[in-house]
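S.K.: Have a look at this one.
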Amino acid sequence: MGLELYLDLLSQPCRSIYIFARSNNIPFEFKHVELFKDSVLGKKPAAGSGAEQPRAGPSNSEGAGKVSLLKKVPALKDGDFTLAECTAILLYLSRKYNTPDHWYPSDIQKRAQVDEYLSWHHANIRANAPKTMWIKVLIPLFTGQPLPSEKLQEVMEGLSTSLKQFEERFLQDKAFIIGSEISLADLVAIVELMQASFCVPQTDTPDQRRFPSFLVLLYELIFIFSLYLYLQPVGVGCDIFEDRPRLKEWRRRVEDAVGKELFFQAHEMILNIKELSNIQIDPQLKEHLAPVLMKMLK
Amino acid sequence: MGLELYLDLLSQPCRALYIFARSNNIPFEFKRVELMKGQHRTEEFRNVNVLMKVPALKDGSFTLAESIAILLYLARKFKTPDHWYPSDLQKRARVDEYLSWQHVNIRGKGSKLFLTKVLLPLLTGQPLSPKKLEGVTEELNVVLKQFEEKFLQDKPFIAGSEVSLADLVALVELMQPVGAGYDLFEERPKLAEWRSRVEEAVGKQLFQEAHEGILNIQTLTADKIAPELLEHFKHQLLKQASQN
């Protein structure tokens with residue numbers, strides 16, 4: 001049994017690992033995890049629908065649970081050795097498979113710059129970006145209430161500040177964070193920012209498409225749980241790259257460096273998720289979830 | 001001009017750096033940056049770290065922020081003993097794993113408790129709500145349990161039989177809630193023993209010296225904080241306290 005990577009491509013850290021492994025031709029078994037699946041299964045469909053429960057498909061969640069005591073993705077299993085945390089996994093793979101030097105340069109100053117970004121990232125980009133999604137899309141969608149503009153402004157400001165610091169401290173006028181070549185730092189940064197690169201249409205009058213109730217329930221729970229767990233910034237009119245030409249250029253360079261096809265393949269699922277925002281939401285579900293979401297808003 | 005470390009020992013990551021450098025006899029110039037006096041917001045310091053945070057390193061023209069990055073840089077440059085950041089692939093991965101996880105968890109929750117219990121009442125003049133304190137304490141308790149079960153387990157140290165950067169970073173963070181008056185080691189014998197081992201490994205005296213400030217933090221009064229900072233801190237801390 002070789003290297004196993006437990007991943008859900010809806011999750012940003014999972015995508016950076018997926019792209020890194022594939023880009024470097026690291027042989028691994030992709031163990032697809034859908035963390036939310038086990039929560040959805042066992043939930044009854046909306047009353048009176050008479051519909052069947054969603055069928056239990058093969059799930060690697062249990063496997064992931066065994067691999068990572070923290071029950072999170074991403075997770076790695078290499079023989080008896082198990083490992084969690086994106087940064088740790090990326091570094092382990094780069095060392096074990098002797099990937100090209102630029103990913104984690106042997107030059108100690110350049111290496112320190114990568115470490116600096118990977119450390120800063122946790123409390124900044126990764127902390128701020130998710131909220132924009134909640135604030136702009138999900139909460140109005142589920143509660144039917146428009147958002148107080150001050151809250152929205154506060155969240156957008158948080159993200160803007162992080163982006164400003166990213167450009168000022170980390171990217172500056174360089175092609176990539178460490179200079180002329182891509183490294184783990186760029187990869188980890190880009191997957192977080194990707195979600196803000198497209199816009200979700202205003203949801204005042206959602207598309208009237210209707211799905212069978214159990215499917216709606218399934219989709220909505222998927223939507224909620226995946227976004228709750230993975231928290232991507234999606235914006236109504238907030239393509240964060242639009243007004244930031246330097247970031248836009250950098251993004252293009254990163255895509256080229258890893259391979260455009262691979263990059264888009266990794267992001268396929270997340271790019272499709274915006275479709276779900278058009279679904280008409282079951283009013284019972286809306287009622288049930290609204291207080292939960294209002295609490296999150298605080 | 002040699003290596004300069006910009007530190008305020010009230011800050012957990014600064015303590016990790018200070019202890020690591022002193023313990024390994026790394027020659028450096030201690031540049032004190034007093035957070036309470038707003039010295040991190042001066043133009044002068046901004047030239048060292050545009051993010052205006054401590055700790056920061058200056059090595060000739062090379063500047064660096066983020067304690068983890070600085071610790072690793074020092075370990076490499078000064079070729080510290082292997083156990084700090086083991087060359088064994090799997091042991092090293094264990095250290096990386098902890099250093100990554102801790103940002104949001106041990107560091108996040110420990111800081112939150114400290115903010116809530118010490119800084120916010122001080123800055124806002126408002127009494128601490130017992131319910132709020134209970135809430136943040138519970139959050140910390142949850143991550144402490146994860147720390148014991150997932151990272152420490154039954155080993156003497158996180159990476160195995162020897163102390164590493166992971167243990168040092170963990171312990172300095174746990175001292176922050178202790179400084180705030182929450183003796184989390186009291187009913188956790190496994191953690192208390194681990195703490196003892198880490199202190200021995202770095203040098204008990206050095207450890208105590210580094211923690212003198214934070215262990216006396218409850219004597220801090222609002223008048224010791226630069227007035228122009230009060231508003232800024234209040235705003236920032238209220239925001240932080242409502243996150244996570």
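Chain labels A, B, ... are given in the sequence in which chains occur in the structure tokens; within each chain residues are numbered consecutively from 1, and ligands are likewise numbered from 1 in the order shown.
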Find the residues near Ser67 of chain B: any atom within 8 Å, counting only C-alpha atoms, skip ones fewer than 5 places away on the same chain, and give them as a list in words.
M.R.: Pro13, Cys14, Ala16, Leu17, Pro55 and Ala56 of chain B
S.K.: Tell me which protein, DNA and RNA residues are within 9 Å of segment 229-231 of chain B, counting only C-alpha atoms, leaving out same-chain ones fewer than 2 positions away, and put them as a list in words.
M.R.: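 Near neighbours after the sequence-gap exclusion: Met36, Lys37, Gly38, Leu123, Thr124, Ala222, Ile225, Ala226, Pro227, Phe233, Lys234, His235 and Gln236 of chain B.
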S.K.: Kindly export the residues of the current selection with N, CA, C and O atoms, as a PDB file, in the first residue's frame.
M.R.:
ATOM      1  N   MET B  36       2.847  47.870  25.110  1.00  0.00           N
ATOM      2  CA  MET B  36       1.973  48.739  25.891  1.00  0.00           C
ATOM      3  C   MET B  36       2.289  50.211  25.678  1.00  0.00           C
ATOM      4  O   MET B  36       1.470  51.073  25.956  1.00  0.00           O
ATOM      5  N   LYS B  37       3.487  50.491  25.205  1.00  0.00           N
ATOM      6  CA  LYS B  37       3.851  51.886  24.951  1.00  0.00           C
ATOM      7  C   LYS B  37       3.678  52.222  23.472  1.00  0.00           C
ATOM      8  O   LYS B  37       4.014  53.306  23.028  1.00  0.00           O
ATOM      9  N   GLY B  38       3.174  51.253  22.721  1.00  0.00           N
ATOM     10  CA  GLY B  38       2.922  51.508  21.311  1.00  0.00           C
ATOM     11  C   GLY B  38       4.168  51.556  20.449  1.00  0.00           C
ATOM     12  O   GLY B  38       4.146  52.105  19.350  1.00  0.00           O
ATOM     13  N   LEU B 123      -8.995  47.632  29.534  1.00  0.00           N
ATOM     14  CA  LEU B 123      -9.099  48.697  28.543  1.00  0.00           C
ATOM     15  C   LEU B 123     -10.482  49.311  28.463  1.00  0.00           C
ATOM     16  O   LEU B 123     -10.630  50.485  28.163  1.00  0.00           O
ATOM     17  N   THR B 124     -11.502  48.501  28.702  1.00  0.00           N
ATOM     18  CA  THR B 124     -12.854  49.033  28.577  1.00  0.00           C
ATOM     19  C   THR B 124     -13.409  49.512  29.905  1.00  0.00           C
ATOM     20  O   THR B 124     -14.420  50.203  29.940  1.00  0.00           O
ATOM     21  N   ALA B 222      -4.411  50.349  33.760  1.00  0.00           N
ATOM     22  CA  ALA B 222      -4.676  51.096  32.528  1.00  0.00           C
ATOM     23  C   ALA B 222      -3.745  52.289  32.353  1.00  0.00           C
ATOM     24  O   ALA B 222      -3.412  52.667  31.231  1.00  0.00           O
ATOM     25  N   ILE B 225      -0.668  52.003  30.188  1.00  0.00           N
ATOM     26  CA  ILE B 225      -0.806  51.882  28.731  1.00  0.00           C
ATOM     27  C   ILE B 225      -0.826  53.272  28.120  1.00  0.00           C
ATOM     28  O   ILE B 225      -1.539  54.157  28.599  1.00  0.00           O
ATOM     29  N   ALA B 226      -0.038  53.440  27.061  1.00  0.00           N
ATOM     30  CA  ALA B 226       0.012  54.740  26.388  1.00  0.00           C
ATOM     31  C   ALA B 226      -1.400  55.155  25.985  1.00  0.00           C
ATOM     32  O   ALA B 226      -2.096  54.387  25.341  1.00  0.00           O
ATOM     33  N   PRO B 227      -1.834  56.359  26.386  1.00  0.00           N
ATOM     34  CA  PRO B 227      -3.225  56.787  26.141  1.00  0.00           C
ATOM     35  C   PRO B 227      -3.634  56.706  24.674  1.00  0.00           C
ATOM     36  O   PRO B 227      -4.755  56.292  24.368  1.00  0.00           O
ATOM     37  N   PHE B 233      -6.234  49.772  20.840  1.00  0.00           N
ATOM     38  CA  PHE B 233      -6.217  48.430  21.434  1.00  0.00           C
ATOM     39  C   PHE B 233      -7.628  47.915  21.641  1.00  0.00           C
ATOM     40  O   PHE B 233      -7.956  46.792  21.325  1.00  0.00           O
ATOM     41  N   LYS B 234      -8.435  48.815  22.225  1.00  0.00           N
ATOM     42  CA  LYS B 234      -9.813  48.440  22.551  1.00  0.00           C
ATOM     43  C   LYS B 234     -10.518  47.916  21.319  1.00  0.00           C
ATOM     44  O   LYS B 234     -11.122  46.852  21.326  1.00  0.00           O
ATOM     45  N   HIS B 235     -10.413  48.690  20.247  1.00  0.00           N
ATOM     46  CA  HIS B 235     -11.084  48.335  19.000  1.00  0.00           C
ATOM     47  C   HIS B 235     -10.582  47.002  18.467  1.00  0.00           C
ATOM     48  O   HIS B 235     -11.334  46.112  18.122  1.00  0.00           O
ATOM     49  N   GLN B 236      -9.267  46.882  18.452  1.00  0.00           N
ATOM     50  CA  GLN B 236      -8.625  45.679  17.919  1.00  0.00           C
ATOM     51  C   GLN B 236      -8.973  44.442  18.743  1.00  0.00           C
ATOM     52  O   GLN B 236      -9.288  43.389  18.212  1.00  0.00           O
TER      53      GLN B 236
END
S.K.: Tell me, in Å to one decimal, how far atom CA of Gly179 of chain B is from atom CA of Ile68 of chain B.
M.R.: 22.4 Å
S.K.: Do me a favour and pick out the residues of chain A within 7 Å of chain B, using only C-alpha atoms, as a ChimeraX atom specification.
M.R.: /A:69,84-85,87-88,92,108,112,115-116,119-120,122,169
S.K.: Quick one: residues within 10 Å of Ile106 of chain B, only C-alpha atoms counted, chain neighbours fewer than 5 positions away excluded, as a ChimeraX atom specification?
M.R.: /B:98,101,111-112,139-144,146-147,169-171,173-174
S.K.: Go ahead and write the residues just picked, N, CA, C and O atoms, as a PDB file, in the first residue's frame.
M.R.:
ATOM      1  N   TYR B  98       2.387  20.094  14.488  1.00  0.00           N
ATOM      2  CA  TYR B  98       1.998  20.865  15.658  1.00  0.00           C
ATOM      3  C   TYR B  98       2.110  22.372  15.398  1.00  0.00           C
ATOM      4  O   TYR B  98       1.192  23.135  15.706  1.00  0.00           O
ATOM      5  N   TRP B 101      -0.940  23.448  13.396  1.00  0.00           N
ATOM      6  CA  TRP B 101      -2.215  23.323  14.100  1.00  0.00           C
ATOM      7  C   TRP B 101      -2.379  24.368  15.190  1.00  0.00           C
ATOM      8  O   TRP B 101      -3.457  24.900  15.432  1.00  0.00           O
ATOM      9  N   SER B 111      -4.807  32.868  23.726  1.00  0.00           N
ATOM     10  CA  SER B 111      -4.798  34.325  23.591  1.00  0.00           C
ATOM     11  C   SER B 111      -6.162  34.906  23.887  1.00  0.00           C
ATOM     12  O   SER B 111      -6.292  35.936  24.547  1.00  0.00           O
ATOM     13  N   LYS B 112      -7.177  34.231  23.396  1.00  0.00           N
ATOM     14  CA  LYS B 112      -8.548  34.717  23.586  1.00  0.00           C
ATOM     15  C   LYS B 112      -8.878  34.798  25.071  1.00  0.00           C
ATOM     16  O   LYS B 112      -9.481  35.768  25.538  1.00  0.00           O
ATOM     17  N   GLU B 139     -13.594  26.680  25.606  1.00  0.00           N
ATOM     18  CA  GLU B 139     -12.949  26.558  24.291  1.00  0.00           C
ATOM     19  C   GLU B 139     -11.497  26.145  24.452  1.00  0.00           C
ATOM     20  O   GLU B 139     -10.992  25.314  23.695  1.00  0.00           O
ATOM     21  N   LEU B 140     -10.824  26.727  25.417  1.00  0.00           N
ATOM     22  CA  LEU B 140      -9.427  26.365  25.656  1.00  0.00           C
ATOM     23  C   LEU B 140      -9.322  24.930  26.144  1.00  0.00           C
ATOM     24  O   LEU B 140      -8.457  24.168  25.700  1.00  0.00           O
ATOM     25  N   ASN B 141     -10.241  24.533  27.013  1.00  0.00           N
ATOM     26  CA  ASN B 141     -10.221  23.164  27.528  1.00  0.00           C
ATOM     27  C   ASN B 141     -10.336  22.133  26.420  1.00  0.00           C
ATOM     28  O   ASN B 141      -9.681  21.089  26.444  1.00  0.00           O
ATOM     29  N   VAL B 142     -11.149  22.458  25.437  1.00  0.00           N
ATOM     30  CA  VAL B 142     -11.315  21.540  24.305  1.00  0.00           C
ATOM     31  C   VAL B 142      -9.989  21.339  23.573  1.00  0.00           C
ATOM     32  O   VAL B 142      -9.588  20.213  23.290  1.00  0.00           O
ATOM     33  N   VAL B 143      -9.303  22.429  23.289  1.00  0.00           N
ATOM     34  CA  VAL B 143      -8.041  22.262  22.550  1.00  0.00           C
ATOM     35  C   VAL B 143      -6.939  21.652  23.418  1.00  0.00           C
ATOM     36  O   VAL B 143      -6.049  20.979  22.907  1.00  0.00           O
ATOM     37  N   LEU B 144      -7.020  21.878  24.715  1.00  0.00           N
ATOM     38  CA  LEU B 144      -6.047  21.246  25.606  1.00  0.00           C
ATOM     39  C   LEU B 144      -6.190  19.733  25.543  1.00  0.00           C
ATOM     40  O   LEU B 144      -5.211  18.985  25.541  1.00  0.00           O
ATOM     41  N   GLN B 146      -7.360  18.034  23.017  1.00  0.00           N
ATOM     42  CA  GLN B 146      -6.823  17.610  21.722  1.00  0.00           C
ATOM     43  C   GLN B 146      -5.303  17.575  21.756  1.00  0.00           C
ATOM     44  O   GLN B 146      -4.673  16.675  21.196  1.00  0.00           O
ATOM     45  N   PHE B 147      -4.716  18.543  22.426  1.00  0.00           N
ATOM     46  CA  PHE B 147      -3.263  18.596  22.532  1.00  0.00           C
ATOM     47  C   PHE B 147      -2.735  17.339  23.210  1.00  0.00           C
ATOM     48  O   PHE B 147      -1.800  16.695  22.737  1.00  0.00           O
ATOM     49  N   VAL B 169       7.173  26.087  21.615  1.00  0.00           N
ATOM     50  CA  VAL B 169       6.094  26.945  21.128  1.00  0.00           C
ATOM     51  C   VAL B 169       4.803  26.661  21.898  1.00  0.00           C
ATOM     52  O   VAL B 169       4.070  27.576  22.268  1.00  0.00           O
ATOM     53  N   ALA B 170       4.543  25.394  22.177  1.00  0.00           N
ATOM     54  CA  ALA B 170       3.328  25.039  22.915  1.00  0.00           C
ATOM     55  C   ALA B 170       3.360  25.605  24.327  1.00  0.00           C
ATOM     56  O   ALA B 170       2.394  26.231  24.788  1.00  0.00           O
ATOM     57  N   LEU B 171       4.459  25.402  25.009  1.00  0.00           N
ATOM     58  CA  LEU B 171       4.500  25.791  26.414  1.00  0.00           C
ATOM     59  C   LEU B 171       4.396  27.300  26.619  1.00  0.00           C
ATOM     60  O   LEU B 171       3.650  27.757  27.489  1.00  0.00           O
ATOM     61  N   GLU B 173       2.853  29.384  24.894  1.00  0.00           N
ATOM     62  CA  GLU B 173       1.458  29.786  24.672  1.00  0.00           C
ATOM     63  C   GLU B 173       0.597  29.444  25.889  1.00  0.00           C
ATOM     64  O   GLU B 173      -0.277  30.217  26.274  1.00  0.00           O
ATOM     65  N   LEU B 174       0.848  28.293  26.484  1.00  0.00           N
ATOM     66  CA  LEU B 174       0.049  27.877  27.637  1.00  0.00           C
ATOM     67  C   LEU B 174       0.311  28.743  28.852  1.00  0.00           C
ATOM     68  O   LEU B 174      -0.533  28.853  29.749  1.00  0.00           O
TER      69      LEU B 174
END
S.K.: Which residues, written as a compact mmCIF listing (two decimals) with C-alpha atoms, in the first residue's frame, have at least one atom at most 9 Å from Ala75 of chain B, with only C-alpha atoms counted and residues fewer than 3 positions away on the same chain left out?
M.R.:
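Output saved as around_8.txt:
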# COMPACT_ATOMS: atom_id res chain seq x y z
CA PHE B 20 15.47 29.31 22.00
CA ALA B 21 18.20 31.82 21.18
CA ILE B 70 12.38 33.01 12.72
CA LEU B 71 12.84 29.92 14.88
CA LEU B 72 13.49 27.76 11.83
CA PHE B 78 23.26 28.43 13.79
CA LYS B 79 23.03 24.68 13.27
CA THR B 80 21.34 23.99 16.59
CA PRO B 81 21.19 20.39 17.88
CA ASP B 82 19.13 18.10 15.67
CA TRP B 84 15.01 20.96 17.91
CA TYR B 85 13.93 20.29 14.32
S.K.: Using only C-alpha atoms, find the one residue out of B:Lys131, B:Lys91, B:His83, B:His232 that sits nearest to Ala201 of chain B.
M.R.: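 Among the listed residues, the smallest separation from Ala201 of chain B belongs to B:His83.
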S.K.: May I have the residues within 9 Å of segment 170-177 of chain A as a list in words, using only C-alpha atoms and disregarding those fewer than 4 positions away in the same chain?
M.R.: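 The residues satisfying every condition are Gln113, Val114, Glu116, Tyr117, Gln165, Phe166, Glu181, Ile182, Ser183, Ala185, Asp186, Arg246, Leu247, Glu249, Trp250, Arg253 and Val254 of chain A.
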S.K.: If you run DSSP on the backbone, which residues of chain B are helix (DSSP H, G or I), as a PyMOL selection string?
M.R.: chain B and resi 12-23+35-37+39-41+43-46+67-77+82-84+89-101+106-124+130-152+165-179+189-202+204-215+217-219+222-224+227-241
S.K.: Can you list, as a list in words, every protein, DNA or RNA residue that comes within 7 Å of segment 19-26 of chain A when you count only C-alpha atoms, leaving out same-chain residues fewer than 4 positions away?
M.R.: Arg15, Thr99, Val258, Leu262, Phe263 and Ala266 of chain A
